Amino acid sequence: MPTSQPLSSCVWDGAPHGAAAHIRAESIHITFGDRPLLNEVDVTVSVGSRLAIVGDNGRGKTTLLHVLAGVLKPDSGVVSRLGSLALVKQDMVIEGGRTVGDLVAEATAPARAALSALDAASGALAAGQDASDAYSDALEAATALDAWDAERRVDIALAGLNACSDRGRVLSTLSVGQRYRVRLAVALGSTPDLLLLDEPTNHLDAAGLSFLTQQLQGHAGGVALVSHDRALLRDVATSFIDLDPTRDGLPRIYAGGYQGWVEGRLRERLAWEQDHAAQRAQHAELKRAAAEARSRLSQGGWRPDKGTGKHQRATRAAGVVQTFNRRVEDVERHEISVPAPPLRLSWPASSTRAGLAILNASGLTVDGRLATPVSLDVSGGDRLMITGPNGAGKSTLLAVLAQRLAPSTGQLRVGPKARVSLLSQEIPDWDHDRPAHVAYETHLARIGRCGQAPSLGSLGLLEPSAARTPVGRMSQGQQRRLHLAMCLAEDPDLLLLDEPTNHLSSSLVDDITTELLRTSCAVVVATHDRQMLTDLGHWPQLRLSPKDLP
């Protein structure tokens, strides 16, 4: 088991080394319990690196980032570091009575120390002392840190992320989002050689996302980040280390930016699936031949025509037995050496007819939650994107359309046979002690779809081990996948998706986006995901405003 150090949510370490700065990890191995989490990981982060650490939930992305930063010690392997680094973690440790100013002071301490040394050396020179070497060293250190501008850079970052700049404000009195933005801003403003960021887009608005992207693109040092934000990955990352399963169990590194990762991953996945299918087909053919030989032997198919002598019958009998034995040996010798590839999303075909009238809404509002009156018609095949800032009522509108919330004003008419499914942000009220596959089958029974809907395993959303896991012990990502599976099992005429990218891997979201573009059912999506907004940007949009809400 790896060991960790009890450090804060934002970690600074090391002296600056400019172009020589790097982190090099070799043969990193970490096991949690009896499950290998990281296996033979080799990766380097240096000046100019823009490395994305990607993979599905639970694959060890955060763990690897913490190993690189030195806050987690691997079971085996070597990590070498040179230069200054800043790590911004996801978890929000409050750390007692520390203030925004404490965090700023911690981040700018090297700059202040360099300026103090420079002042001391200058004073010594002015006093006639032999301090030329000390002055030269101090000036070089201050120049490398651009120490004179350290506080201003932090202030610029605090403003750019809309973070609290009050140095006296106690961190514990800030919201989670504000605390995160302060920590991220201070890390960006401290301009370390190497920036290590874990889900840095959490808690950022559109302006903050734009500022973060510009800062990472222009950072003079190296960057390693964990993120599900595909727009950030497209805009910033130039190389990817993918921790998802591979045929040999080793992680893959892809160059060529986001597109290089997507294409490289797809090529490898297709080759893996083809090789596995070929071996399975060969094994099936060998078993078929053995079964045929067994059938001939057991059914007496070897018997010769009437009148043939005993010697000939005995010879032919021995031949059939030998053939059967050879076929059995062939099956036993043949191994399927290529492991089964990971599941792939299999979106079931929709039975919805294009143009089918599904619902009509007129003047819908909800007191205190949805101020903009909404009127719309939805028919089979329609597409709609709902946008607007937090608090505008996007989730509320979807709940009304799904008939889970009554409107305060207006009317909603839903076709008597229309099926409407909602993938909400909240996890449904499931029995958390039931395994996922039981929860799925119970859902099918409740909606009368037993024997009609696809099996849970065939949808490609949950691995067999996850399907056997009690719902309450599943990760957020696994629960989200189960919820989506239930929605698809309903064969909806209208599929309502509320922030569908939440807790899902980038590769799965890409697959979902592809299916949304071609399914015949009507789809309404509410999302802040910048890449999904771009990918579905040609859809009609309904923008909500919170301006009239109290």
# chains A, B, ... in the order shown; residues from 1 in each chain; ligands from 1
call {"tool": "residues_around", "arguments": {"residues": "A:Val374", "least_positions_apart": "6", "cutoff": "8 Å", "atoms": "only C-alpha atoms", "output": "list in words"}}
result
Ala361, Ser362, Gly363, Leu364 and Thr365 of chain A
call {"tool": "select_by_dssp", "arguments": {"residues": "stretch 44-164 of chain A", "states": "alpha helix (DSSP H)", "output": "MDAnalysis selection string"}}
result
chainID A and resid 61:69 100:126 132:145 150:160
call {"tool": "residues_around", "arguments": {"residues": "A:Thr519", "least_positions_apart": "3", "cutoff": "8 Å", "atoms": "only C-alpha atoms", "output": "number ranges by chain"}}
result
A: 349-350, 381, 515-516, 522
call {"tool": "write_last_selection", "arguments": {"atoms": "all heavy atoms", "output": "PDB file, in the first residue's frame"}}
result
ATOM      1  N   ALA A 349     -31.389   0.867 -30.242  1.00  0.00           N
ATOM      2  CA  ALA A 349     -32.155   1.578 -31.270  1.00  0.00           C
ATOM      3  C   ALA A 349     -33.470   2.069 -30.674  1.00  0.00           C
ATOM      4  O   ALA A 349     -34.109   1.378 -29.874  1.00  0.00           O
ATOM      5  CB  ALA A 349     -32.413   0.662 -32.458  1.00  0.00           C
ATOM      6  N   SER A 350     -33.853   3.269 -31.073  1.00  0.00           N
ATOM      7  CA  SER A 350     -35.100   3.853 -30.585  1.00  0.00           C
ATOM      8  C   SER A 350     -36.249   3.468 -31.504  1.00  0.00           C
ATOM      9  O   SER A 350     -36.096   3.390 -32.723  1.00  0.00           O
ATOM     10  CB  SER A 350     -34.980   5.379 -30.523  1.00  0.00           C
ATOM     11  OG  SER A 350     -36.218   5.970 -30.215  1.00  0.00           O
ATOM     12  N   GLY A 381     -37.604  12.985 -32.887  1.00  0.00           N
ATOM     13  CA  GLY A 381     -36.466  13.440 -33.656  1.00  0.00           C
ATOM     14  C   GLY A 381     -36.025  14.856 -33.360  1.00  0.00           C
ATOM     15  O   GLY A 381     -34.979  15.293 -33.858  1.00  0.00           O
ATOM     16  N   GLU A 515     -23.961   9.247 -30.168  1.00  0.00           N
ATOM     17  CA  GLU A 515     -25.279   8.609 -30.197  1.00  0.00           C
ATOM     18  C   GLU A 515     -26.402   9.640 -30.161  1.00  0.00           C
ATOM     19  O   GLU A 515     -27.455   9.443 -30.791  1.00  0.00           O
ATOM     20  CB  GLU A 515     -25.407   7.634 -29.015  1.00  0.00           C
ATOM     21  CG  GLU A 515     -24.418   6.480 -29.036  1.00  0.00           C
ATOM     22  CD  GLU A 515     -24.624   5.563 -30.227  1.00  0.00           C
ATOM     23  OE1 GLU A 515     -25.705   5.597 -30.850  1.00  0.00           O
ATOM     24  OE2 GLU A 515     -23.695   4.811 -30.559  1.00  0.00           O
ATOM     25  N   LEU A 516     -26.196  10.734 -29.439  1.00  0.00           N
ATOM     26  CA  LEU A 516     -27.229  11.775 -29.394  1.00  0.00           C
ATOM     27  C   LEU A 516     -27.467  12.387 -30.769  1.00  0.00           C
ATOM     28  O   LEU A 516     -28.572  12.834 -31.082  1.00  0.00           O
ATOM     29  CB  LEU A 516     -26.833  12.876 -28.413  1.00  0.00           C
ATOM     30  CG  LEU A 516     -26.794  12.499 -26.925  1.00  0.00           C
ATOM     31  CD1 LEU A 516     -26.384  13.699 -26.082  1.00  0.00           C
ATOM     32  CD2 LEU A 516     -28.138  11.957 -26.459  1.00  0.00           C
ATOM     33  N   ALA A 522     -36.511  12.092 -29.480  1.00  0.00           N
ATOM     34  CA  ALA A 522     -36.266  13.505 -29.217  1.00  0.00           C
ATOM     35  C   ALA A 522     -35.306  13.633 -28.037  1.00  0.00           C
ATOM     36  O   ALA A 522     -35.330  12.809 -27.114  1.00  0.00           O
ATOM     37  CB  ALA A 522     -37.581  14.217 -28.911  1.00  0.00           C
TER      38      ALA A 522
END
call {"tool": "residues_around", "arguments": {"residues": "stretch 243-250 of chain A", "least_positions_apart": "4", "cutoff": "8 Å", "atoms": "only C-alpha atoms", "output": "PyMOL selection string"}}
result
chain A and resi 38-41+53-56+59-61+272+338-339+341-342
call {"tool": "write_last_selection", "arguments": {"atoms": "N, CA and C atoms", "output": "compact mmCIF listing (two decimals), in the first residue's frame"}}
result
# COMPACT_ATOMS: atom_id res chain seq x y z
N LEU A 38 -1.84 1.25 -10.32
CA LEU A 38 -0.88 1.75 -11.30
C LEU A 38 0.16 0.66 -11.54
N ASN A 39 0.47 0.41 -12.80
CA ASN A 39 1.35 -0.69 -13.14
C ASN A 39 2.41 -0.24 -14.14
N GLU A 40 3.68 -0.25 -13.69
CA GLU A 40 4.81 0.08 -14.57
C GLU A 40 4.60 1.41 -15.31
N VAL A 41 4.30 2.44 -14.55
CA VAL A 41 4.08 3.76 -15.15
C VAL A 41 5.42 4.46 -15.32
N ILE A 53 -3.50 13.61 -17.64
CA ILE A 53 -3.63 12.28 -17.06
C ILE A 53 -5.10 11.91 -17.15
N VAL A 54 -5.43 10.91 -17.97
CA VAL A 54 -6.82 10.61 -18.26
C VAL A 54 -7.12 9.15 -17.95
N GLY A 55 -8.42 8.84 -17.88
CA GLY A 55 -8.89 7.50 -17.60
C GLY A 55 -10.22 7.57 -16.89
N ASP A 56 -10.89 6.45 -16.81
CA ASP A 56 -12.20 6.42 -16.16
C ASP A 56 -12.04 6.60 -14.66
N ARG A 59 -9.30 4.87 -11.87
CA ARG A 59 -8.14 4.28 -12.57
C ARG A 59 -6.81 4.77 -12.02
N GLY A 60 -6.82 5.71 -11.06
CA GLY A 60 -5.56 6.12 -10.43
C GLY A 60 -5.02 7.45 -10.91
N LYS A 61 -5.85 8.29 -11.51
CA LYS A 61 -5.36 9.57 -12.04
C LYS A 61 -4.84 10.47 -10.92
N TRP A 272 -7.34 -4.39 -30.65
CA TRP A 272 -7.56 -5.27 -29.51
C TRP A 272 -8.85 -6.08 -29.70
N VAL A 338 -5.40 -13.07 -25.75
CA VAL A 338 -5.78 -11.66 -25.74
C VAL A 338 -6.93 -11.48 -24.77
N PRO A 339 -6.75 -10.67 -23.71
CA PRO A 339 -7.84 -10.51 -22.73
C PRO A 339 -9.05 -9.83 -23.36
N PRO A 341 -11.54 -7.15 -24.20
CA PRO A 341 -11.43 -5.68 -24.16
C PRO A 341 -12.49 -5.08 -23.28
N PRO A 342 -12.30 -3.84 -22.84
CA PRO A 342 -13.32 -3.17 -22.02
C PRO A 342 -14.61 -3.01 -22.79
